[in-house]
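Here is structure.txt, consisting of compact mmCIF, C-alpha atoms:
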```
# COMPACT_ATOMS: atom_id res chain seq x y z
CA MET V 56 0.00 0.00 0.00
CA GLU V 57 1.43 3.36 -0.99
CA THR V 58 1.74 6.24 1.42
CA PRO V 59 -0.35 9.25 0.29
CA SER V 60 1.60 12.00 -1.45
CA ALA V 61 3.14 14.66 0.76
CA ALA V 62 1.42 17.28 -1.42
CA THR V 63 -2.04 15.91 -0.62
CA PRO V 64 -3.85 18.12 1.92
CA ALA V 65 -4.71 16.31 5.14
CA LYS V 66 -8.16 16.25 6.69
CA PHE V 67 -6.64 16.94 10.11
CA ARG V 68 -3.51 19.04 10.59
CA ILE V 69 -1.84 18.51 13.97
CA GLY V 70 1.00 20.33 15.68
CA PHE V 71 3.34 18.95 18.33
CA CYS V 72 5.30 21.19 20.66
CA LEU V 73 8.24 19.21 22.04
CA VAL V 74 9.34 20.51 25.43
CA PRO V 75 12.95 19.75 26.52
CA GLU V 76 13.32 16.34 28.22
CA PHE V 77 10.03 15.15 26.73
CA SER V 78 9.08 11.46 26.76
CA ALA V 79 10.15 9.97 23.43
CA ILE V 80 7.96 6.87 23.79
CA ALA V 81 4.88 9.00 24.48
CA PHE V 82 5.55 11.23 21.46
CA ILE V 83 6.36 8.37 19.07
CA SER V 84 3.29 6.43 20.26
CA ALA V 85 1.16 9.42 19.34
CA VAL V 86 2.67 10.35 15.99
CA ASP V 87 3.06 6.77 14.73
CA THR V 88 -0.65 6.23 15.30
CA LEU V 89 -1.30 9.10 12.88
CA ARG V 90 1.18 7.71 10.37
CA LEU V 91 -0.51 4.31 10.41
CA ALA V 92 -3.94 5.88 10.07
CA ASN V 93 -2.77 7.35 6.76
CA GLN V 94 -1.03 4.18 5.63
CA LEU V 95 -3.84 1.77 6.41
CA SER V 96 -6.61 3.98 5.01
CA ASP V 97 -4.58 4.81 1.88
CA GLU V 98 -5.47 8.47 2.27
CA LYS V 99 -3.97 11.45 4.02
CA ILE V 100 -6.18 11.79 7.08
CA TYR V 101 -3.47 13.42 9.19
CA SER V 102 -0.45 15.65 8.74
CA TRP V 103 1.78 16.79 11.58
CA GLU V 104 4.39 19.40 12.29
CA CYS V 105 6.82 19.60 15.21
CA TYR V 106 8.03 22.73 16.98
CA SER V 107 10.20 23.55 19.97
CA VAL V 108 10.19 26.61 22.20
CA ASP V 109 13.39 28.05 20.71
CA GLY V 110 13.31 26.47 17.25
CA ASN V 111 16.34 24.28 17.96
CA PRO V 112 16.16 20.48 17.70
CA ALA V 113 14.23 19.04 20.63
CA ILE V 114 16.14 16.71 22.98
CA SER V 115 14.13 13.98 24.66
CA SER V 116 14.70 12.72 28.22
CA ALA V 117 16.68 9.85 26.67
CA GLY V 118 19.02 12.32 24.95
CA ILE V 119 17.63 11.62 21.47
CA GLU V 120 17.47 14.64 19.15
CA PHE V 121 14.34 15.34 17.09
CA SER V 122 14.24 17.88 14.27
CA VAL V 123 11.51 20.53 14.29
CA GLN V 124 9.95 22.93 11.79
CA GLY V 125 10.66 25.99 13.90
CA LYS V 126 9.91 27.71 17.19
CA ILE V 127 6.51 27.58 18.80
CA SER V 128 5.91 31.32 18.47
CA ASP V 129 5.97 30.81 14.70
CA MET V 130 3.55 27.87 14.73
CA PRO V 131 0.53 28.62 12.54
CA ALA V 132 -2.98 28.40 13.97
CA LEU V 133 -3.41 24.64 13.64
CA PRO V 134 -6.71 22.89 14.42
CA ILE V 135 -5.14 20.58 17.03
CA VAL V 136 -1.93 21.15 19.02
CA PHE V 137 -0.36 18.71 21.44
CA THR V 138 2.33 19.70 23.92
CA CYS V 139 4.61 16.80 24.76
CA SER V 140 6.85 16.86 27.82
CA GLY V 141 8.43 14.56 30.40
CA ILE V 142 10.73 15.16 33.34
CA ASN V 143 11.52 18.47 35.06
CA ILE V 144 8.43 20.06 33.55
CA ARG V 145 8.38 22.97 36.00
CA ASN V 146 11.82 24.05 34.80
CA HIS V 147 10.66 23.99 31.17
CA THR V 148 7.34 25.82 31.54
CA SER V 149 8.48 29.14 30.12
CA PRO V 150 6.54 32.38 29.52
CA GLN V 151 7.10 31.90 25.77
CA LEU V 152 5.48 28.46 25.86
CA ILE V 153 2.50 29.66 27.91
CA SER V 154 2.02 32.70 25.65
CA ALA V 155 2.06 30.56 22.51
CA LEU V 156 -0.49 28.09 23.90
CA ARG V 157 -2.81 30.91 24.98
CA ARG V 158 -2.55 32.38 21.48
CA MET V 159 -3.51 29.04 19.95
CA ALA V 160 -6.47 28.70 22.30
CA SER V 161 -7.65 32.19 21.36
CA HIS V 162 -7.52 31.13 17.69
CA GLY V 163 -9.75 28.14 18.42
CA SER V 164 -7.14 25.38 18.42
CA GLU V 165 -8.01 22.20 20.28
CA LEU V 166 -5.24 21.64 22.82
CA GLY V 167 -3.74 18.40 24.06
CA ALA V 168 -1.13 17.43 26.62
CA ILE V 169 1.01 14.31 26.57
CA CYS V 170 2.55 13.09 29.84
CA THR V 171 3.44 15.97 32.19
CA ALA V 172 2.40 18.64 29.67
CA THR V 173 -0.92 18.78 31.52
CA TYR V 174 1.02 20.95 33.95
CA VAL V 175 1.81 23.44 31.16
CA LEU V 176 -1.83 23.76 30.14
CA ALA V 177 -2.81 24.21 33.79
CA LYS V 178 -0.21 26.96 34.33
CA ALA V 179 -1.54 28.68 31.21
CA GLY V 180 -5.08 28.59 32.64
CA LEU V 181 -6.28 26.45 29.75
CA LEU V 182 -7.79 23.56 31.73
CA ASN V 183 -10.39 25.48 33.71
CA ASP V 184 -13.77 23.72 33.54
CA HIS V 185 -12.22 20.70 31.81
CA ARG V 186 -11.46 17.25 33.18
CA CYS V 187 -7.78 16.38 32.92
CA THR V 188 -5.27 13.75 33.94
CA ILE V 189 -1.48 13.44 34.32
CA HIS V 190 1.11 10.74 34.98
CA TRP V 191 0.48 8.98 38.30
CA GLU V 192 3.85 10.11 39.68
CA ASN V 193 2.81 13.75 39.25
CA LEU V 194 -0.79 13.34 40.37
CA SER V 195 -0.54 14.24 44.06
CA GLY V 196 1.66 17.29 43.51
CA PHE V 197 -0.52 18.44 40.63
CA ARG V 198 -3.62 18.24 42.83
CA GLU V 199 -1.86 20.20 45.56
CA GLU V 200 -0.87 22.95 43.14
CA PHE V 201 -4.15 23.14 41.21
CA PRO V 202 -6.91 22.26 43.69
CA GLU V 203 -9.51 24.10 41.59
CA LEU V 204 -9.11 21.78 38.58
CA ASP V 205 -11.13 18.63 37.87
CA ILE V 206 -8.21 16.18 37.98
CA THR V 207 -8.74 12.44 37.52
CA SER V 208 -6.41 9.46 37.69
CA GLU V 209 -7.68 8.11 34.35
CA LEU V 210 -5.41 6.82 31.61
CA PHE V 211 -6.49 9.70 29.39
CA GLU V 212 -9.21 12.33 29.27
CA ILE V 213 -10.94 13.77 26.23
CA ASP V 214 -13.18 16.60 27.40
CA ARG V 215 -14.55 18.61 24.47
CA ASN V 216 -11.55 20.48 23.00
CA ARG V 217 -8.97 19.35 25.58
CA TYR V 218 -6.99 16.11 25.46
CA THR V 219 -4.73 14.95 28.29
CA CYS V 220 -3.05 11.64 28.98
CA ALA V 221 -0.76 10.00 31.50
CA GLY V 222 2.14 9.59 29.08
CA GLY V 223 3.98 6.42 28.12
CA THR V 224 1.74 4.17 26.07
CA ALA V 225 -1.34 6.04 27.31
CA SER V 226 -0.76 8.47 24.44
CA LEU V 227 -1.27 5.54 22.05
CA ASP V 228 -4.67 4.77 23.59
CA MET V 229 -5.66 8.43 23.48
CA MET V 230 -4.70 8.79 19.81
CA LEU V 231 -6.49 5.56 18.91
CA SER V 232 -9.59 7.03 20.53
CA LEU V 233 -9.05 10.19 18.48
CA VAL V 234 -8.85 8.12 15.28
CA SER V 235 -12.08 6.34 16.27
CA ASN V 236 -13.79 9.71 16.68
CA HIS V 237 -12.37 11.18 13.46
CA VAL V 238 -12.72 8.11 11.22
CA ASN V 239 -14.04 4.87 12.74
CA HIS V 240 -13.26 2.22 15.33
CA GLU V 241 -12.28 -0.33 12.69
CA LEU V 242 -9.31 1.80 11.64
CA SER V 243 -8.20 2.09 15.28
CA LEU V 244 -8.32 -1.70 15.61
CA SER V 245 -6.24 -2.09 12.44
CA ILE V 246 -3.62 0.34 13.77
CA ALA V 247 -3.44 -1.52 17.08
CA ASP V 248 -3.02 -4.80 15.17
CA GLN V 249 -0.12 -3.33 13.17
CA LEU V 250 1.53 -2.20 16.41
CA ILE V 251 1.02 -5.67 17.96
CA TYR V 252 -1.01 -3.87 20.61
CA HIS V 253 -3.43 -6.58 21.64
CA ARG V 254 -6.04 -4.52 23.44
CA ILE V 255 -7.01 -0.86 23.13
CA ARG V 256 -7.52 0.44 26.65
CA GLU V 257 -10.47 2.51 27.74
CA SER V 258 -9.81 5.96 29.22
CA SER V 259 -11.08 4.80 32.62
CA GLU V 260 -8.49 2.06 33.07
CA ARG V 261 -5.95 2.35 35.86
CA GLN V 262 -2.56 3.92 35.19
CA ARG V 263 -0.47 1.87 37.58
CA MET V 264 0.10 -1.86 37.75
CA GLU V 265 -1.85 -3.60 40.47
CA LEU V 266 -0.08 -3.81 43.81
CA ARG V 267 0.19 -7.58 43.44
CA ALA V 268 2.30 -7.21 40.29
CA ARG V 269 4.22 -4.15 41.50
CA LEU V 270 5.37 -5.70 44.76
CA GLY V 271 5.49 -9.35 43.79
CA ILE V 272 3.25 -10.15 46.76
CA SER V 273 -0.01 -12.09 46.68
CA HIS V 274 -1.11 -12.06 50.32
CA PRO V 275 -4.51 -10.27 50.20
CA LYS V 276 -4.38 -8.89 53.76
CA LEU V 277 -0.93 -7.41 53.26
CA LEU V 278 -1.90 -5.90 49.91
CA GLY V 279 -5.01 -4.44 51.54
CA ALA V 280 -2.93 -2.81 54.28
CA ILE V 281 -0.50 -1.27 51.76
CA ALA V 282 -3.41 0.02 49.66
CA CYS V 283 -4.80 1.69 52.80
CA MET V 284 -1.41 3.29 53.42
CA GLU V 285 -1.20 4.65 49.87
CA ASP V 286 -4.70 6.08 50.18
CA ASN V 287 -3.95 7.79 53.50
CA LEU V 288 -0.61 9.58 53.21
CA GLU V 289 -1.83 13.00 54.33
CA GLU V 290 -3.54 11.67 57.45
CA PRO V 291 -1.69 8.44 58.32
CA LEU V 292 -3.60 5.65 60.03
CA SER V 293 -2.24 4.04 63.18
CA CYS V 294 -0.96 0.48 63.03
CA SER V 295 -3.99 -0.72 64.96
CA ASP V 296 -6.35 1.10 62.59
CA LEU V 297 -4.62 -0.48 59.58
CA ALA V 298 -4.93 -3.91 61.20
CA THR V 299 -8.63 -3.33 61.86
CA GLU V 300 -9.16 -2.22 58.24
CA VAL V 301 -7.90 -5.56 56.92
CA GLY V 302 -9.31 -7.77 59.68
CA LEU V 303 -6.09 -8.62 61.52
CA SER V 304 -4.63 -8.05 64.94
CA THR V 305 -1.76 -5.57 65.20
CA ARG V 306 0.63 -8.41 65.95
CA GLN V 307 -0.51 -10.39 62.89
CA LEU V 308 -0.03 -7.33 60.68
CA GLU V 309 3.48 -6.75 62.04
CA ARG V 310 4.41 -10.36 61.35
CA LEU V 311 3.15 -10.13 57.77
CA PHE V 312 5.21 -7.01 57.05
CA GLN V 313 8.32 -8.53 58.60
CA LYS V 314 7.91 -11.79 56.67
CA TYR V 315 7.27 -10.32 53.22
CA LEU V 316 8.88 -6.87 53.34
CA GLU V 317 11.40 -7.09 56.20
CA HIS V 318 10.04 -3.88 57.66
CA SER V 319 7.59 -2.99 60.38
CA PRO V 320 4.30 -1.49 59.12
CA THR V 321 5.26 1.85 60.67
CA ARG V 322 8.63 1.90 58.92
CA TYR V 323 7.16 0.90 55.57
CA TYR V 324 4.44 3.54 55.89
CA LEU V 325 7.02 6.21 56.71
CA GLY V 326 8.97 5.27 53.58
CA LEU V 327 5.86 5.74 51.41
CA ARG V 328 5.21 9.16 52.92
CA LEU V 329 8.83 10.25 52.50
CA ASP V 330 8.91 9.08 48.88
CA ARG V 331 5.82 11.19 48.21
CA ALA V 332 7.39 14.15 50.03
CA ARG V 333 10.57 13.84 47.98
CA TYR V 334 8.56 14.03 44.79
CA LEU V 335 6.65 17.10 45.99
CA LEU V 336 9.90 18.80 46.95
CA THR V 337 11.51 18.28 43.57
CA GLN V 338 8.54 18.60 41.22
CA THR V 339 6.40 21.33 42.80
CA SER V 340 6.95 24.77 44.30
CA LEU V 341 5.00 23.99 47.48
CA PRO V 342 6.62 25.42 50.63
CA ILE V 343 8.37 22.79 52.74
CA ILE V 344 5.82 23.08 55.54
CA GLU V 345 3.01 22.38 53.06
CA VAL V 346 4.89 19.35 51.72
CA ALA V 347 5.29 18.14 55.30
CA LEU V 348 1.59 18.51 56.07
CA ALA V 349 0.57 16.90 52.75
CA CYS V 350 2.56 13.82 53.70
CA GLY V 351 1.33 13.47 57.25
CA PHE V 352 4.07 15.20 59.26
CA VAL V 353 2.94 17.41 62.10
CA SER V 354 5.78 19.92 61.82
CA ALA V 355 8.57 21.00 59.50
CA SER V 356 11.21 20.04 62.09
CA HIS V 357 9.87 16.49 62.44
CA PHE V 358 9.68 16.17 58.66
CA SER V 359 13.25 17.45 58.27
CA LYS V 360 14.56 14.97 60.85
CA CYS V 361 12.82 12.00 59.21
CA HIS V 362 13.88 13.08 55.71
CA ARG V 363 17.52 13.43 56.76
CA GLU V 364 17.55 10.03 58.46
CA HIS V 365 15.96 8.35 55.43
CA PHE V 366 17.71 10.08 52.51
CA GLY V 367 20.83 11.52 54.13
CA ARG V 368 19.90 15.16 53.52
CA THR V 369 17.34 17.69 54.67
CA PRO V 370 14.29 18.70 52.59
CA SER V 371 15.87 22.05 51.72
CA GLU V 372 19.06 20.30 50.58
CA GLU V 373 16.98 17.86 48.52
CA ARG V 374 15.20 20.71 46.78
CA ARG V 375 18.44 22.60 46.14
CA ILE V 376 20.23 19.55 44.67
CA ARG V 377 17.35 18.56 42.39
CA HIS V 378 16.86 22.10 41.06
```

Would you mind writing the file out in structure tokens?
Amino acid sequence: METPSAATPAKFRIGFCLVPEFSAIAFISAVDTLRLANQLSDEKIYSWECYSVDGNPAISSAGIEFSVQGKISDMPALPIVFTCSGINIRNHTSPQLISALRRMASHGSELGAICTATYVLAKAGLLNDHRCTIHWENLSGFREEFPELDITSELFEIDRNRYTCAGGTASLDMMLSLVSNHVNHELSLSIADQLIYHRIRESSERQRMELRARLGISHPKLLGAIACMEDNLEEPLSCSDLATEVGLSTRQLERLFQKYLEHSPTRYYLGLRLDRARYLLTQTSLPIIEVALACGFVSASHFSKCHREHFGRTPSEERRIRH
């Protein structure tokens, strides 16, 4: 089957803004879906153009260089524009990027965000009154920073003229949904088959692997206790409350944690809270006291002591090193 001529006008013209340290797999998953839509339908349904903030080649988080058509301020008013980012998104959310996205919105462009680029749209004020999602690692900090937004933990969200996804292969599912809406579901299935992608996921499917697979543990009571911990980081439950939640005595719960994880429940719980705090310190601008409170610490001094004992440096040192 021949690829449609480059001179043929596309039905849908899409722009991609590649932010430094963007996720290459998320971007390629998105753009290759468009390529296959053209190839398998034998017509030019989509065309795409790539831009960077400064017009220089865009460097992904893996250090791979991607060529671009120019800088985002020169991007024409395209019908659909996706911003694609990855790590250190706060450092790459520049006034130029925000200004360009606002200009596109004012011209009627539909706007999308791949991976952490949801943060960029939020900073630009372009997600108000729209459902949105973001990568699970960024979810708690994003909710802390933008409490007024309707933020879900879905794989992707398509809410009228806004498209957001969790990144990784979630961008593939989102674009397959887009193809279904623009053309038909049969074409989406054919694209998935070409990509050896055995099942197109619904937007409502979970982002993270189940605890059983993540931890390599199958004991239902232990998994239930850990799930309770992950759901209650801001207001930690006592060991006895956790035991009650899963129908065990405190002693039984302690034995389970020691047997399978070689930690006491209290120690394991503290590690979860400190891991969350470390993320908030490095990926948000929340004051240290707010990070402490969001992770269940009663004071900044107690948080600092626990953080130093666990990671070997204070919260302020952690933030300084990572920035």

- Task: Would you mind listing what lies within 9 Å of range 321-329 of chain V as an MDAnalysis selection string, with only C-alpha atoms counted and same-chain residues fewer than 3 positions away left out?
- Result: chainID V and resid 281 284:285 288:289 291 293:294 309 312 316 318 332:334 350:352 358 361:362 365:366

Report the centre and edge lengths, in Å to one decimal, of an axis-aligned box enclosing every atom of range 117-123 of chain V listed in the file, padded by 3 Å on each side, as AutoDock Vina command-line options.
```
--center_x 15.3 --center_y 15.2 --center_z 20.5 --size_x 13.5 --size_y 16.7 --size_z 18.4
```

- Note on the structure: The distance between CA of Leu152 in chain V and CA of Ile114 in chain V is 16.1 Å

- Item | Shortest interatomic distance to Met159 in chain V - which of V:Glu364, V:Glu372, V:Asp184, V:Asp129, counting all atoms listed in the file |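 The answer is V:Asp129, which sits nearest to Met159 in chain V.
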
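The smallest atom-to-atom distance between Ala85 in chain V and any of V:Leu231, V:Arg331, V:Val123, V:Gly302, using all atoms listed in the file, is found for V:Leu231.
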
- Tell me, in Å to one decimal, how far CA of Asp330 in chain V is from CA of Glu209 in chain V. 22.1 Å
